[in-house]
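S.K.: So that you have it, the file is structure.txt, and it contains compact mmCIF, C-alpha atoms:
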# COMPACT_ATOMS: atom_id res chain seq x y z
CA MET A 20 -11.84 -21.00 -12.11
CA PRO A 21 -14.95 -22.07 -10.13
CA GLN A 22 -17.17 -19.60 -8.36
CA ILE A 23 -16.45 -18.92 -4.67
CA LEU A 24 -19.14 -17.82 -2.24
CA ILE A 25 -17.99 -16.18 1.00
CA ARG A 26 -21.17 -16.74 2.96
CA ASN A 27 -22.84 -15.01 5.90
CA ALA A 28 -20.11 -12.65 7.07
CA GLU A 29 -20.93 -10.69 10.19
CA ILE A 30 -19.77 -7.54 8.37
CA VAL A 31 -18.44 -6.91 4.87
CA VAL A 32 -16.39 -3.70 4.93
CA THR A 33 -16.66 -2.49 1.32
CA MET A 34 -14.51 0.68 1.35
CA ASP A 35 -16.66 1.77 -1.60
CA GLY A 36 -17.53 5.38 -2.35
CA THR A 37 -19.91 5.63 0.60
CA ARG A 38 -17.87 3.30 2.86
CA ARG A 39 -20.78 0.86 3.28
CA GLU A 40 -20.55 -1.89 5.88
CA LEU A 41 -22.92 -4.74 5.02
CA ALA A 42 -24.20 -6.83 7.92
CA GLY A 43 -24.96 -10.50 7.36
CA ALA A 44 -23.70 -10.30 3.78
CA SER A 45 -22.05 -12.69 1.36
CA VAL A 46 -19.57 -12.08 -1.47
CA LEU A 47 -19.70 -14.01 -4.75
CA ILE A 48 -16.44 -14.37 -6.69
CA GLU A 49 -16.15 -15.46 -10.31
CA ASN A 50 -12.99 -15.75 -12.41
CA GLY A 51 -10.91 -13.94 -9.83
CA ALA A 52 -13.24 -10.94 -9.61
CA ILE A 53 -16.05 -9.84 -7.31
CA LYS A 54 -19.37 -10.51 -9.04
CA GLN A 55 -21.87 -9.59 -6.35
CA MET A 56 -22.22 -8.96 -2.65
CA GLY A 57 -25.19 -8.71 -0.33
CA PRO A 58 -27.40 -10.77 1.96
CA GLY A 59 -28.80 -14.15 0.98
CA LEU A 60 -26.65 -14.84 -2.07
CA THR A 61 -26.71 -18.37 -3.47
CA ALA A 62 -24.51 -20.13 -6.01
CA PRO A 63 -25.25 -23.87 -6.23
CA ASN A 64 -21.93 -24.87 -7.80
CA ALA A 65 -19.66 -22.49 -5.91
CA GLU A 66 -16.97 -23.38 -3.41
CA VAL A 67 -18.33 -22.09 -0.09
CA ILE A 68 -16.27 -20.30 2.56
CA ASP A 69 -18.26 -19.97 5.76
CA ALA A 70 -17.61 -16.47 7.13
CA SER A 71 -19.97 -16.69 10.10
CA GLY A 72 -18.57 -14.62 12.94
CA CYS A 73 -16.07 -12.98 10.60
CA VAL A 74 -15.36 -9.53 9.17
CA VAL A 75 -14.44 -9.40 5.47
CA THR A 76 -12.25 -6.52 4.33
CA PRO A 77 -10.40 -5.64 1.16
CA GLY A 78 -6.90 -7.08 1.23
CA LEU A 79 -4.42 -4.78 2.94
CA VAL A 80 -1.77 -3.12 0.76
CA ASN A 81 1.85 -2.67 1.82
CA THR A 82 3.40 0.29 0.01
CA HIS A 83 7.00 0.09 1.31
CA HIS A 84 9.24 -2.80 2.29
CA HIS A 85 12.78 -4.07 1.95
CA LEU A 86 12.05 -7.77 1.98
CA TYR A 87 15.71 -8.78 1.89
CA GLN A 88 16.03 -7.38 5.42
CA SER A 89 13.88 -10.19 6.82
CA LEU A 90 17.13 -12.04 7.60
CA THR A 91 18.56 -9.14 9.64
CA ARG A 92 16.06 -8.57 12.44
CA ALA A 93 17.27 -7.42 15.85
CA VAL A 94 20.92 -7.03 14.77
CA PRO A 95 22.73 -5.90 17.95
CA GLY A 96 24.74 -3.06 16.40
CA GLY A 97 21.65 -1.52 14.83
CA GLN A 98 19.12 -1.90 17.61
CA ASP A 99 19.61 1.56 19.10
CA ALA A 100 21.05 3.55 16.19
CA LEU A 101 19.69 6.45 14.19
CA LEU A 102 19.20 6.01 10.44
CA PHE A 103 22.71 6.73 9.15
CA GLY A 104 24.48 4.78 11.92
CA TRP A 105 21.98 1.94 11.49
CA LEU A 106 22.79 1.75 7.78
CA LYS A 107 26.56 1.71 8.40
CA THR A 108 26.09 -1.24 10.77
CA LEU A 109 24.03 -3.25 8.30
CA TYR A 110 25.67 -2.54 4.94
CA PRO A 111 28.58 -4.97 5.56
CA ILE A 112 26.12 -7.74 6.48
CA TRP A 113 23.98 -7.17 3.40
CA ALA A 114 27.12 -7.26 1.25
CA ARG A 115 27.39 -11.00 2.11
CA TYR A 116 23.96 -11.84 0.66
CA MET A 117 23.66 -14.46 -2.07
CA PRO A 118 20.77 -14.87 -4.57
CA GLU A 119 19.25 -17.65 -2.44
CA ASP A 120 19.16 -15.23 0.52
CA MET A 121 17.12 -12.79 -1.56
CA HIS A 122 14.68 -15.58 -2.40
CA VAL A 123 14.15 -16.90 1.13
CA SER A 124 13.99 -13.45 2.72
CA THR A 125 11.33 -12.37 0.19
CA GLN A 126 9.18 -15.42 0.92
CA LEU A 127 9.62 -14.98 4.67
CA GLY A 128 8.57 -11.33 4.57
CA LEU A 129 5.63 -11.92 2.23
CA ALA A 130 4.36 -14.89 4.25
CA GLU A 131 4.39 -12.75 7.37
CA LEU A 132 2.51 -10.01 5.53
CA ALA A 133 -0.07 -12.47 4.18
CA LEU A 134 -0.88 -13.72 7.66
CA SER A 135 -1.51 -10.10 8.70
CA GLY A 136 -4.07 -9.57 5.92
CA CYS A 137 -1.87 -8.24 3.10
CA THR A 138 -2.71 -9.22 -0.48
CA MET A 139 -0.40 -6.83 -2.36
CA SER A 140 3.06 -5.58 -1.46
CA SER A 141 5.69 -3.41 -2.99
CA ASP A 142 9.37 -4.13 -2.38
CA HIS A 143 12.31 -1.75 -2.60
CA LEU A 144 15.45 -3.73 -3.48
CA TYR A 145 18.39 -1.38 -3.97
CA LEU A 146 21.46 -3.62 -3.52
CA TYR A 147 22.55 -6.61 -5.58
CA PRO A 148 25.56 -8.36 -4.04
CA ASN A 149 27.16 -11.54 -5.37
CA GLY A 150 25.03 -11.96 -8.47
CA SER A 151 21.67 -11.17 -6.84
CA ARG A 152 19.00 -9.75 -9.14
CA LEU A 153 15.50 -8.37 -8.83
CA ASP A 154 14.42 -11.58 -10.54
CA ASP A 155 15.14 -13.53 -7.31
CA THR A 156 12.43 -11.63 -5.45
CA ILE A 157 9.90 -11.73 -8.29
CA HIS A 158 10.15 -15.50 -8.59
CA ALA A 159 9.79 -15.86 -4.82
CA ALA A 160 6.65 -13.71 -4.79
CA ARG A 161 5.09 -15.66 -7.65
CA GLU A 162 5.60 -18.92 -5.75
CA LEU A 163 3.87 -17.49 -2.66
CA GLY A 164 0.99 -15.93 -4.63
CA LEU A 165 0.78 -12.32 -3.43
CA ARG A 166 0.37 -9.41 -5.83
CA PHE A 167 3.83 -7.87 -6.12
CA HIS A 168 5.15 -4.44 -7.06
CA ALA A 169 8.90 -5.00 -7.40
CA THR A 170 11.00 -1.86 -7.59
CA ARG A 171 14.39 -1.82 -9.25
CA GLY A 172 16.29 0.18 -6.66
CA ALA A 173 19.88 1.31 -6.91
CA MET A 174 22.80 2.96 -5.15
CA SER A 175 25.57 4.62 -7.16
CA ILE A 176 27.51 6.89 -4.78
CA GLY A 177 29.78 4.95 -2.44
CA GLU A 178 31.96 6.06 0.44
CA SER A 179 34.87 6.99 -1.84
CA LYS A 180 32.64 9.63 -3.50
CA GLY A 181 31.15 10.97 -0.27
CA GLY A 182 28.15 8.64 -0.12
CA LEU A 183 27.00 6.48 2.75
CA PRO A 184 27.13 2.91 1.34
CA PRO A 185 30.41 1.00 0.91
CA ASP A 186 31.75 1.00 -2.64
CA ALA A 187 31.15 -2.76 -2.90
CA LEU A 188 27.38 -2.19 -2.82
CA VAL A 189 27.08 0.55 -5.44
CA GLU A 190 26.65 0.13 -9.19
CA ASP A 191 27.60 2.02 -12.33
CA GLU A 192 24.75 4.26 -13.36
CA THR A 193 24.71 3.13 -16.97
CA ALA A 194 24.48 -0.48 -15.80
CA ILE A 195 21.62 0.48 -13.46
CA LEU A 196 19.61 2.03 -16.28
CA ASN A 197 20.28 -0.89 -18.62
CA ASP A 198 19.16 -3.43 -16.02
CA SER A 199 16.10 -1.29 -15.27
CA ILE A 200 15.09 -1.63 -18.91
CA ARG A 201 15.72 -5.39 -18.76
CA VAL A 202 13.52 -6.02 -15.72
CA ILE A 203 10.70 -3.80 -16.97
CA ASP A 204 10.67 -5.59 -20.32
CA ALA A 205 10.88 -9.01 -18.66
CA PHE A 206 8.43 -8.64 -15.78
CA HIS A 207 6.24 -5.53 -15.81
CA ASP A 208 2.61 -6.33 -16.58
CA PRO A 209 0.52 -3.19 -17.21
CA SER A 210 -2.71 -5.11 -17.79
CA PRO A 211 -5.69 -4.97 -15.37
CA GLY A 212 -5.44 -7.61 -12.66
CA ALA A 213 -1.66 -7.86 -13.05
CA MET A 214 0.12 -9.93 -10.41
CA THR A 215 3.55 -8.39 -11.09
CA ARG A 216 4.48 -4.81 -11.80
CA VAL A 217 7.85 -3.10 -11.78
CA ALA A 218 8.79 0.43 -10.72
CA LEU A 219 12.10 2.31 -10.69
CA ALA A 220 13.47 3.27 -7.30
CA PRO A 221 16.89 4.87 -6.81
CA CYS A 222 17.43 4.36 -3.11
CA SER A 223 17.64 7.90 -1.79
CA PRO A 224 18.99 11.35 -2.57
CA PHE A 225 22.10 10.56 -0.47
CA SER A 226 23.03 7.34 -2.30
CA VAL A 227 22.55 8.23 -5.99
CA SER A 228 23.43 11.21 -8.17
CA ARG A 229 21.13 13.95 -9.31
CA GLU A 230 21.66 12.65 -12.85
CA LEU A 231 20.44 9.15 -11.99
CA MET A 232 17.33 10.54 -10.29
CA ARG A 233 16.54 12.57 -13.41
CA ASP A 234 17.33 9.76 -15.85
CA ALA A 235 15.27 7.25 -13.85
CA ALA A 236 12.28 9.60 -14.02
CA LEU A 237 12.66 10.00 -17.77
CA LEU A 238 13.00 6.24 -18.28
CA ALA A 239 10.01 5.46 -16.04
CA ARG A 240 7.77 7.79 -18.01
CA ASP A 241 9.00 6.41 -21.30
CA LYS A 242 8.20 2.88 -20.10
CA GLY A 243 4.96 3.75 -18.30
CA VAL A 244 6.06 2.59 -14.86
CA MET A 245 6.00 4.26 -11.45
CA LEU A 246 8.79 5.86 -9.39
CA HIS A 247 9.68 5.32 -5.74
CA THR A 248 12.38 6.48 -3.29
CA HIS A 249 12.98 7.51 0.33
CA LEU A 250 12.39 11.17 1.08
CA ALA A 251 12.50 13.51 4.09
CA GLU A 252 12.88 10.60 6.47
CA ASN A 253 14.53 12.39 9.42
CA ASP A 254 16.46 15.50 10.44
CA GLU A 255 19.71 14.11 9.00
CA ASP A 256 17.96 13.70 5.66
CA ILE A 257 16.82 17.34 5.64
CA ALA A 258 20.28 18.60 6.63
CA TYR A 259 21.90 16.56 3.85
CA SER A 260 19.50 17.93 1.25
CA LEU A 261 20.07 21.53 2.30
CA ALA A 262 23.85 21.08 2.42
CA GLN A 263 24.25 19.17 -0.83
CA PHE A 264 21.46 20.54 -3.01
CA GLY A 265 20.58 23.87 -1.42
CA VAL A 266 16.88 22.98 -1.22
CA ARG A 267 14.56 20.89 0.93
CA PRO A 268 13.73 17.35 -0.25
CA GLY A 269 10.33 18.27 -1.68
CA GLN A 270 11.81 20.92 -3.94
CA TYR A 271 14.62 18.54 -4.95
CA ALA A 272 12.02 15.98 -5.96
CA GLU A 273 10.00 18.54 -7.91
CA ASP A 274 13.09 19.85 -9.74
CA LEU A 275 13.99 16.35 -10.98
CA GLY A 276 10.53 15.23 -12.07
CA TRP A 277 9.79 13.20 -8.95
CA THR A 278 6.28 14.43 -8.26
CA GLY A 279 2.99 13.31 -9.76
CA PRO A 280 0.46 10.47 -9.46
CA ASP A 281 3.04 8.00 -10.81
CA VAL A 282 5.42 8.72 -7.88
CA TRP A 283 5.33 7.63 -4.26
CA HIS A 284 7.88 8.48 -1.56
CA ALA A 285 8.62 6.51 1.60
CA HIS A 286 8.46 8.06 5.09
CA CYS A 287 8.13 11.84 4.48
CA VAL A 288 8.33 12.35 8.24
CA LYS A 289 9.76 15.84 7.87
CA LEU A 290 7.68 17.35 5.08
CA ASP A 291 6.80 20.97 5.81
CA ALA A 292 3.55 22.74 4.91
CA ALA A 293 4.78 23.84 1.47
CA GLU A 294 5.91 20.30 0.61
CA ILE A 295 2.60 18.85 1.74
CA ALA A 296 0.79 21.35 -0.49
CA LEU A 297 3.06 20.39 -3.39
CA PHE A 298 2.35 16.68 -2.93
CA ALA A 299 -1.38 17.31 -2.62
CA HIS A 300 -1.48 19.45 -5.77
CA THR A 301 0.54 16.94 -7.81
CA LYS A 302 -1.10 13.83 -6.24
CA THR A 303 2.31 12.49 -5.24
CA GLY A 304 1.89 9.47 -2.97
CA VAL A 305 3.40 8.76 0.44
CA ALA A 306 4.17 5.41 2.07
CA HIS A 307 3.75 6.00 5.81
CA CYS A 308 5.85 3.65 7.98
CA PRO A 309 4.97 4.45 11.60
CA CYS A 310 6.69 1.52 13.36
CA SER A 311 9.97 2.03 11.51
CA ASN A 312 9.80 5.77 12.13
CA CYS A 313 9.47 5.03 15.85
CA ARG A 314 12.16 2.32 15.85
CA LEU A 315 14.74 4.67 14.25
CA GLY A 316 13.61 7.71 16.22
CA SER A 317 12.81 9.59 13.02
CA GLY A 318 9.70 11.31 14.35
CA ILE A 319 5.94 11.41 13.82
CA ALA A 320 4.97 12.01 10.20
CA PRO A 321 2.38 14.76 9.58
CA VAL A 322 -0.22 12.25 8.42
CA ARG A 323 -3.21 14.24 9.61
CA ALA A 324 -2.05 17.28 7.69
CA MET A 325 -1.29 15.17 4.59
CA ARG A 326 -4.70 13.48 4.66
CA ASP A 327 -6.51 16.78 5.18
CA ALA A 328 -4.63 18.33 2.26
CA GLY A 329 -5.45 15.41 -0.06
CA VAL A 330 -2.05 13.71 -0.31
CA PRO A 331 -2.51 10.04 -1.40
CA LEU A 332 -1.28 7.99 1.56
CA GLY A 333 -0.78 4.29 2.22
CA LEU A 334 0.97 2.20 4.85
CA GLY A 335 4.32 0.44 4.75
CA VAL A 336 5.87 -1.90 7.28
CA ASP A 337 9.35 -0.99 5.96
CA GLY A 338 12.21 -3.47 6.15
CA SER A 339 12.45 -5.96 8.98
CA ALA A 340 15.82 -4.53 10.02
CA SER A 341 14.02 -1.38 11.15
CA ASN A 342 10.61 -2.58 12.28
CA ASP A 343 11.38 -5.59 13.03
CA ALA A 344 8.03 -7.18 12.16
CA GLY A 345 5.81 -7.32 9.09
CA ASP A 346 2.38 -7.02 10.70
CA LEU A 347 0.41 -4.72 8.40
CA ILE A 348 -2.81 -4.59 10.43
CA GLY A 349 -0.62 -3.77 13.42
CA GLU A 350 0.90 -0.96 11.35
CA ALA A 351 -2.60 0.49 10.91
CA ARG A 352 -3.02 0.54 14.68
CA GLN A 353 0.34 2.21 15.14
CA ALA A 354 -0.51 4.85 12.53
CA MET A 355 -3.72 5.67 14.38
CA LEU A 356 -2.00 5.83 17.77
CA MET A 357 0.85 8.06 16.62
CA GLN A 358 -1.55 10.61 15.13
CA ARG A 359 -3.42 10.64 18.42
CA VAL A 360 -0.17 11.23 20.31
CA ALA A 361 0.58 14.18 18.04
CA ASN A 362 -2.88 15.65 17.58
CA GLY A 363 -5.29 14.31 20.20
CA ALA A 364 -7.52 11.28 20.71
CA ASP A 365 -9.92 12.30 17.94
CA ALA A 366 -7.19 12.79 15.32
CA MET A 367 -7.68 9.44 13.58
CA SER A 368 -10.36 6.76 13.89
CA ALA A 369 -9.86 3.04 13.55
CA ARG A 370 -11.90 3.09 10.35
CA GLU A 371 -9.72 5.79 8.80
CA ALA A 372 -6.62 3.75 9.64
CA LEU A 373 -8.20 0.72 7.97
CA GLU A 374 -9.05 2.82 4.92
CA ILE A 375 -5.42 3.94 4.64
CA ALA A 376 -4.31 0.30 4.87
CA THR A 377 -6.62 -0.81 2.04
CA LEU A 378 -7.94 1.75 -0.43
CA GLY A 379 -5.20 4.21 0.48
CA GLY A 380 -2.46 1.75 -0.42
CA ALA A 381 -4.16 0.71 -3.64
CA THR A 382 -4.41 4.39 -4.63
CA VAL A 383 -0.73 5.05 -3.91
CA LEU A 384 0.31 2.08 -6.08
CA GLY A 385 -1.98 3.16 -8.92
CA ARG A 386 -4.40 0.25 -8.51
CA ALA A 387 -7.52 1.85 -7.00
CA GLU A 388 -9.59 1.21 -10.15
CA GLU A 389 -9.33 -2.54 -9.54
CA LEU A 390 -8.28 -3.07 -5.92
CA GLY A 391 -8.69 -1.61 -2.43
CA SER A 392 -12.46 -1.98 -2.08
CA ILE A 393 -15.12 -4.68 -2.32
CA GLU A 394 -17.26 -3.79 -5.32
CA PRO A 395 -18.59 -5.71 -8.35
CA GLY A 396 -15.94 -5.89 -11.06
CA LYS A 397 -12.98 -5.39 -8.76
CA ARG A 398 -10.42 -8.14 -8.24
CA ALA A 399 -11.09 -10.63 -5.46
CA ASP A 400 -8.31 -9.71 -3.04
CA LEU A 401 -10.00 -10.23 0.34
CA ALA A 402 -9.07 -10.76 3.99
CA ILE A 403 -11.39 -12.70 6.29
CA TRP A 404 -10.93 -12.06 10.02
CA ASP A 405 -12.40 -14.38 12.68
CA LEU A 406 -13.89 -12.31 15.49
CA ARG A 407 -14.40 -15.41 17.60
CA ALA A 408 -10.67 -15.37 18.38
CA LEU A 409 -9.49 -14.36 21.84
CA ALA A 410 -8.07 -11.04 20.65
CA ALA A 411 -11.53 -9.79 19.63
CA ALA A 412 -13.50 -11.30 22.52
CA GLY A 413 -15.45 -8.61 24.37
CA SER A 414 -15.34 -6.11 21.49
CA TRP A 415 -18.53 -4.15 20.77
CA ASP A 416 -17.62 -2.84 17.31
CA PRO A 417 -16.28 -5.58 15.02
CA VAL A 418 -14.80 -3.22 12.41
CA ALA A 419 -12.99 -0.96 14.88
CA ALA A 420 -11.83 -4.08 16.72
CA LEU A 421 -9.61 -5.06 13.80
CA VAL A 422 -7.45 -2.01 14.45
CA LEU A 423 -8.00 -1.47 18.17
CA CYS A 424 -7.57 -4.99 19.50
CA GLY A 425 -7.46 -7.72 16.86
CA PRO A 426 -7.33 -10.34 15.57
CA HIS A 427 -4.01 -9.55 13.90
CA ARG A 428 -3.89 -12.80 11.95
CA VAL A 429 -6.32 -13.63 9.15
CA ARG A 430 -8.42 -16.76 9.02
CA HIS A 431 -8.49 -16.76 5.20
CA LEU A 432 -6.77 -14.62 2.57
CA LEU A 433 -7.76 -14.60 -1.10
CA VAL A 434 -5.66 -13.09 -3.89
CA GLU A 435 -7.31 -13.05 -7.33
CA GLY A 436 -9.82 -15.44 -5.77
CA ARG A 437 -7.13 -17.97 -4.82
CA ALA A 438 -6.60 -18.97 -1.19
CA VAL A 439 -3.11 -17.95 -0.05
CA VAL A 440 -4.11 -18.41 3.61
CA ARG A 441 -6.68 -20.95 4.70
CA ASP A 442 -7.62 -21.53 8.34
CA GLY A 443 -4.70 -19.39 9.44
CA ARG A 444 -2.02 -21.25 7.48
CA ILE A 445 -0.16 -20.38 4.28
CA THR A 446 -1.33 -22.75 1.53
CA THR A 447 1.40 -22.19 -1.04
CA LEU A 448 4.45 -23.22 0.96
CA ASP A 449 5.53 -25.09 4.10
CA GLU A 450 5.79 -22.50 6.89
CA ALA A 451 8.05 -24.64 9.08
CA ALA A 452 10.42 -25.38 6.20
CA LEU A 453 10.55 -21.69 5.29
CA ALA A 454 11.39 -20.71 8.87
CA GLN A 455 14.13 -23.34 8.97
CA SER A 456 15.61 -22.12 5.68
CA ALA A 457 15.58 -18.56 6.98
CA ARG A 458 17.35 -19.61 10.19
CA ARG A 459 20.06 -21.39 8.21
CA ALA A 460 20.59 -18.33 6.00
CA THR A 461 20.75 -16.04 9.04
CA MET A 462 23.33 -18.25 10.77
CA ARG A 463 25.52 -18.14 7.67
CA LEU A 464 25.31 -14.33 7.60
CA ILE A 465 26.19 -14.17 11.28
CA GLY A 466 29.20 -16.34 10.49
I need this file expressed as C-alpha cells, please.

M.R.:
Amino acid sequence: MPQILIRNAEIVVTMDGTRRELAGASVLIENGAIKQMGPGLTAPNAEVIDASGCVVTPGLVNTHHHLYQSLTRAVPGGQDALLFGWLKTLYPIWARYMPEDMHVSTQLGLAELALSGCTMSSDHLYLYPNGSRLDDTIHAARELGLRFHATRGAMSIGESKGGLPPDALVEDETAILNDSIRVIDAFHDPSPGAMTRVALAPCSPFSVSRELMRDAALLARDKGVMLHTHLAENDEDIAYSLAQFGVRPGQYAEDLGWTGPDVWHAHCVKLDAAEIALFAHTKTGVAHCPCSNCRLGSGIAPVRAMRDAGVPLGLGVDGSASNDAGDLIGEARQAMLMQRVANGADAMSAREALEIATLGGATVLGRAEELGSIEPGKRADLAIWDLRALAAAGSWDPVAALVLCGPHRVRHLLVEGRAVVRDGRITTLDEAALAQSARRATMRLIG
C-alpha cells in the first residue's frame, strides 16, 4: 500500500493523551497506519490529499445500531409509540425480511454512517427470518469497507411464553448458542487492525431467558469475544426487571456475569447511582443513543454522572426505525444538547462530545489501543471535514463547529488508509443504485 500524505490541515484533532490540536499540520500514513503527524511533512512518493481549510479527526465510532431497520424508517404505526408498543408494530414487518433485505439495509445504514464521519460501527442483529444470517450483514460491510463489529443477537422468549416478540421471530436457545460458535469461528478476527469482529448479544432481558444470558456470557469468555445487550432503556424496562427478576437491571446484569470491560450495554437511560458506580468500578461500557431515546420518549440518560464516575461511554445512532437517521456527528451534537437541558449550559462541551464520538467509542468496543485517536502506530481511520462548506461559514472555532454547526458530511473518509469517501461520495458502491435497491425492498415490505 503506498504512502498517503494528508497535507496542510487547518487543525488535526489528535484525541491523544493531552488532547492536542495541531494547527497547519499534516498526517503521513503508511501501510494502513499513522506514521507521523506535524507541520511541514513531506513524502515524495506519497498520494497527497489536500486538507487545506479542513479539520482532520479520528474516525467516529458507532457503538449501537440495528442496521436491518434502515428499511423501516418513519413507519406510521410506530411514529408516536413508546418502546414496547413500537416493537409490537414493527415485529410483523421484520418477520417478512429476506436475506437480501439484510444485505441492502446493512449497506444503506453503513453508507449513511460513513458520510457522517463514521469509520467503525457495531451492529446488533437479533432476528433471523426466512433464512437470514449474520453472514449477510458481514459480507455487506466488507463490500462497503467500514470496520465492523457484528453481534450475534437473539430472542428466545416469544408471546406464547410471556415475551414480547411473536413466536415466529424467536429461536431455540441451543440453536442460538451453536450458531454463535459458528459465526465466531468463521468471522471473528482478534488480531490488531481487524476489520471484522464478532460479539454475542442476546437482545434484552425481556426477550431471552436468564439461562441464555448466563450461557452467552460463559461462551463469550471462553471464545474471547465481547458481550452486548439493551439495558435499563426506559421505565417499562425497569418495571419488567423488578417484576420478573426482583432486582434492577444493573444487579441482574451483575448476577449473570454481564459486567466488565468486555461488556457494553445500550441506552442505560434509567441507571441509578448504585448502578453507575457498579459500571464505573467494573469498567462496563455504555452505548448512549440520545436521538433514539428522545424519539421513543425514554428519557435523558445520566451521561454527565456516568462520565464523572468513569463509566466508559460511546455514542450509538440506534436503529433507523427509532432514530430515524444515521448521522453520527449529529448524534454527538444531540448528546451535548441533552446534557445541557438536564444539567445546564456548561454540562458538556463540543469537544467532550467529539471525544465521546471517537476515543470513547473505540474504548467501549475494546479498540482504544489502536483506534480512536491520531497517534503514530495507530490505524489510519480518519475523517476529513471541509470547513469551507456553508454549514461552517462564520464559525470562529473550527473544532467546536463540527459539533455545534457542521459540516455534518465528510469530505474524505479513510479506513485502514483506504478511501471509503472521497469528495463527499462513497467510493466502494453506487449510491444511487443502493438507494434504488433500498426503495424496492421497502415497497415489497409495505406490500

S.K.: Can you work out which one of A:Asn197, A:Thr91, A:Thr377, A:Thr125 has the shortest atom-to-atom distance to Leu79 (chain A), counting all atoms listed in the file?

M.R.: A:Thr377

S.K.: Excluding Ile393 (chain A) and any residue of its chain fewer than 5 positions from it, enumerate the residues within 7 Å of it, using all atoms listed in the file, and give them as a ChimeraX atom specification.

M.R.: /A:33-35,77

S.K.: With all atoms listed in the file as the basis for distance, which of A:Ala340, A:Leu347, A:Leu196, A:Leu421 is at the shortest distance from Gly96 (chain A)?

M.R.: A:Ala340

S.K.: Mind listing whatever residues come within 10 Å of the point (-11.7, -10.9, -7.2)? Use all atoms listed in the file, file coordinates, and give them as an mmCIF file with C-alpha atoms, in the coordinates of the input.

M.R.:
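Below you can see selection_11.cif, which holds the result:
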data_model
loop_
_atom_site.group_PDB
_atom_site.id
_atom_site.type_symbol
_atom_site.label_atom_id
_atom_site.label_comp_id
_atom_site.auth_asym_id
_atom_site.auth_seq_id
_atom_site.Cartn_x
_atom_site.Cartn_y
_atom_site.Cartn_z
ATOM 1 C CA ILE A 23 -16.450 -18.920 -4.670
ATOM 2 C CA VAL A 46 -19.570 -12.080 -1.470
ATOM 3 C CA LEU A 47 -19.700 -14.010 -4.750
ATOM 4 C CA ILE A 48 -16.440 -14.370 -6.690
ATOM 5 C CA GLU A 49 -16.150 -15.460 -10.310
ATOM 6 C CA ASN A 50 -12.990 -15.750 -12.410
ATOM 7 C CA GLY A 51 -10.910 -13.940 -9.830
ATOM 8 C CA ALA A 52 -13.240 -10.940 -9.610
ATOM 9 C CA ILE A 53 -16.050 -9.840 -7.310
ATOM 10 C CA LYS A 54 -19.370 -10.510 -9.040
ATOM 11 C CA PRO A 77 -10.400 -5.640 1.160
ATOM 12 C CA GLY A 212 -5.440 -7.610 -12.660
ATOM 13 C CA GLU A 389 -9.330 -2.540 -9.540
ATOM 14 C CA LEU A 390 -8.280 -3.070 -5.920
ATOM 15 C CA ILE A 393 -15.120 -4.680 -2.320
ATOM 16 C CA GLU A 394 -17.260 -3.790 -5.320
ATOM 17 C CA PRO A 395 -18.590 -5.710 -8.350
ATOM 18 C CA GLY A 396 -15.940 -5.890 -11.060
ATOM 19 C CA LYS A 397 -12.980 -5.390 -8.760
ATOM 20 C CA ARG A 398 -10.420 -8.140 -8.240
ATOM 21 C CA ALA A 399 -11.090 -10.630 -5.460
ATOM 22 C CA ASP A 400 -8.310 -9.710 -3.040
ATOM 23 C CA LEU A 401 -10.000 -10.230 0.340
ATOM 24 C CA LEU A 433 -7.760 -14.600 -1.100
ATOM 25 C CA VAL A 434 -5.660 -13.090 -3.890
ATOM 26 C CA GLU A 435 -7.310 -13.050 -7.330
ATOM 27 C CA GLY A 436 -9.820 -15.440 -5.770
ATOM 28 C CA ARG A 437 -7.130 -17.970 -4.820
#

S.K.: Pick the closest to Ala376 (chain A) from A:Arg39, A:Arg171, A:His83, A:Arg201: which is it, counting all atoms listed in the file?

M.R.: A:His83

S.K.: Could you pull the residues within 9 Å of Arg386 (chain A), counting only C-alpha atoms, minus those fewer than 6 positions along the same chain, as a ChimeraX atom specification?

M.R.: /A:211-212,378,380

S.K.: How far is it from CA of Gly466 (chain A) to CA of His122 (chain A), in Å with one decimal?

M.R.: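 CA of His122 (chain A) lies 19.4 Å from CA of Gly466 (chain A).
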
S.K.: Set the distance at 12 Å and use all atoms listed in the file: which residues neighbour Gln270 (chain A) once local chain neighbours fewer than 2 positions away are removed? I'd like the list as a list in words.

M.R.: Leu250, Ala251, Ile257, Ser260, Leu261, Phe264, Gly265, Val266, Arg267, Pro268, Ala272, Glu273, Asp274, Leu275, Gly276, Trp277, Thr278, Leu290, Asp291, Ala293, Glu294, Ile295, Ala296, Leu297 and Phe298 of chain A

S.K.: Can you list, as a PyMOL selection string, every protein, DNA or RNA residue that comes within 9 Å of Ala402 (chain A) when you count only C-alpha atoms, leaving out same-chain residues fewer than 4 positions away?

M.R.: chain A and resi 74-79+135-138+429-434

S.K.: Just to be explicit: take each residue in the selection above, keep C-alpha atoms, and write the result as an mmCIF file, in the coordinates of the input.

M.R.:
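Resulting contents of result-v6.cif:
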data_model
loop_
_atom_site.group_PDB
_atom_site.id
_atom_site.type_symbol
_atom_site.label_atom_id
_atom_site.label_comp_id
_atom_site.auth_asym_id
_atom_site.auth_seq_id
_atom_site.Cartn_x
_atom_site.Cartn_y
_atom_site.Cartn_z
ATOM 1 C CA VAL A 74 -15.360 -9.530 9.170
ATOM 2 C CA VAL A 75 -14.440 -9.400 5.470
ATOM 3 C CA THR A 76 -12.250 -6.520 4.330
ATOM 4 C CA PRO A 77 -10.400 -5.640 1.160
ATOM 5 C CA GLY A 78 -6.900 -7.080 1.230
ATOM 6 C CA LEU A 79 -4.420 -4.780 2.940
ATOM 7 C CA SER A 135 -1.510 -10.100 8.700
ATOM 8 C CA GLY A 136 -4.070 -9.570 5.920
ATOM 9 C CA CYS A 137 -1.870 -8.240 3.100
ATOM 10 C CA THR A 138 -2.710 -9.220 -0.480
ATOM 11 C CA VAL A 429 -6.320 -13.630 9.150
ATOM 12 C CA ARG A 430 -8.420 -16.760 9.020
ATOM 13 C CA HIS A 431 -8.490 -16.760 5.200
ATOM 14 C CA LEU A 432 -6.770 -14.620 2.570
ATOM 15 C CA LEU A 433 -7.760 -14.600 -1.100
ATOM 16 C CA VAL A 434 -5.660 -13.090 -3.890
#

S.K.: Find the residues around Ala320 (chain A) up to 9 Å (only C-alpha atoms counted), leave out those fewer than 6 positions away in its own chain, and share them as a PyMOL selection string.

M.R.: chain A and resi 252+286-290+307-309+312+357-358

S.K.: Pick from A:Ser368, A:Ser339, A:Gln98, A:Thr61: nearest to Leu129 (chain A), with all atoms listed in the file counted?

M.R.: A:Ser339
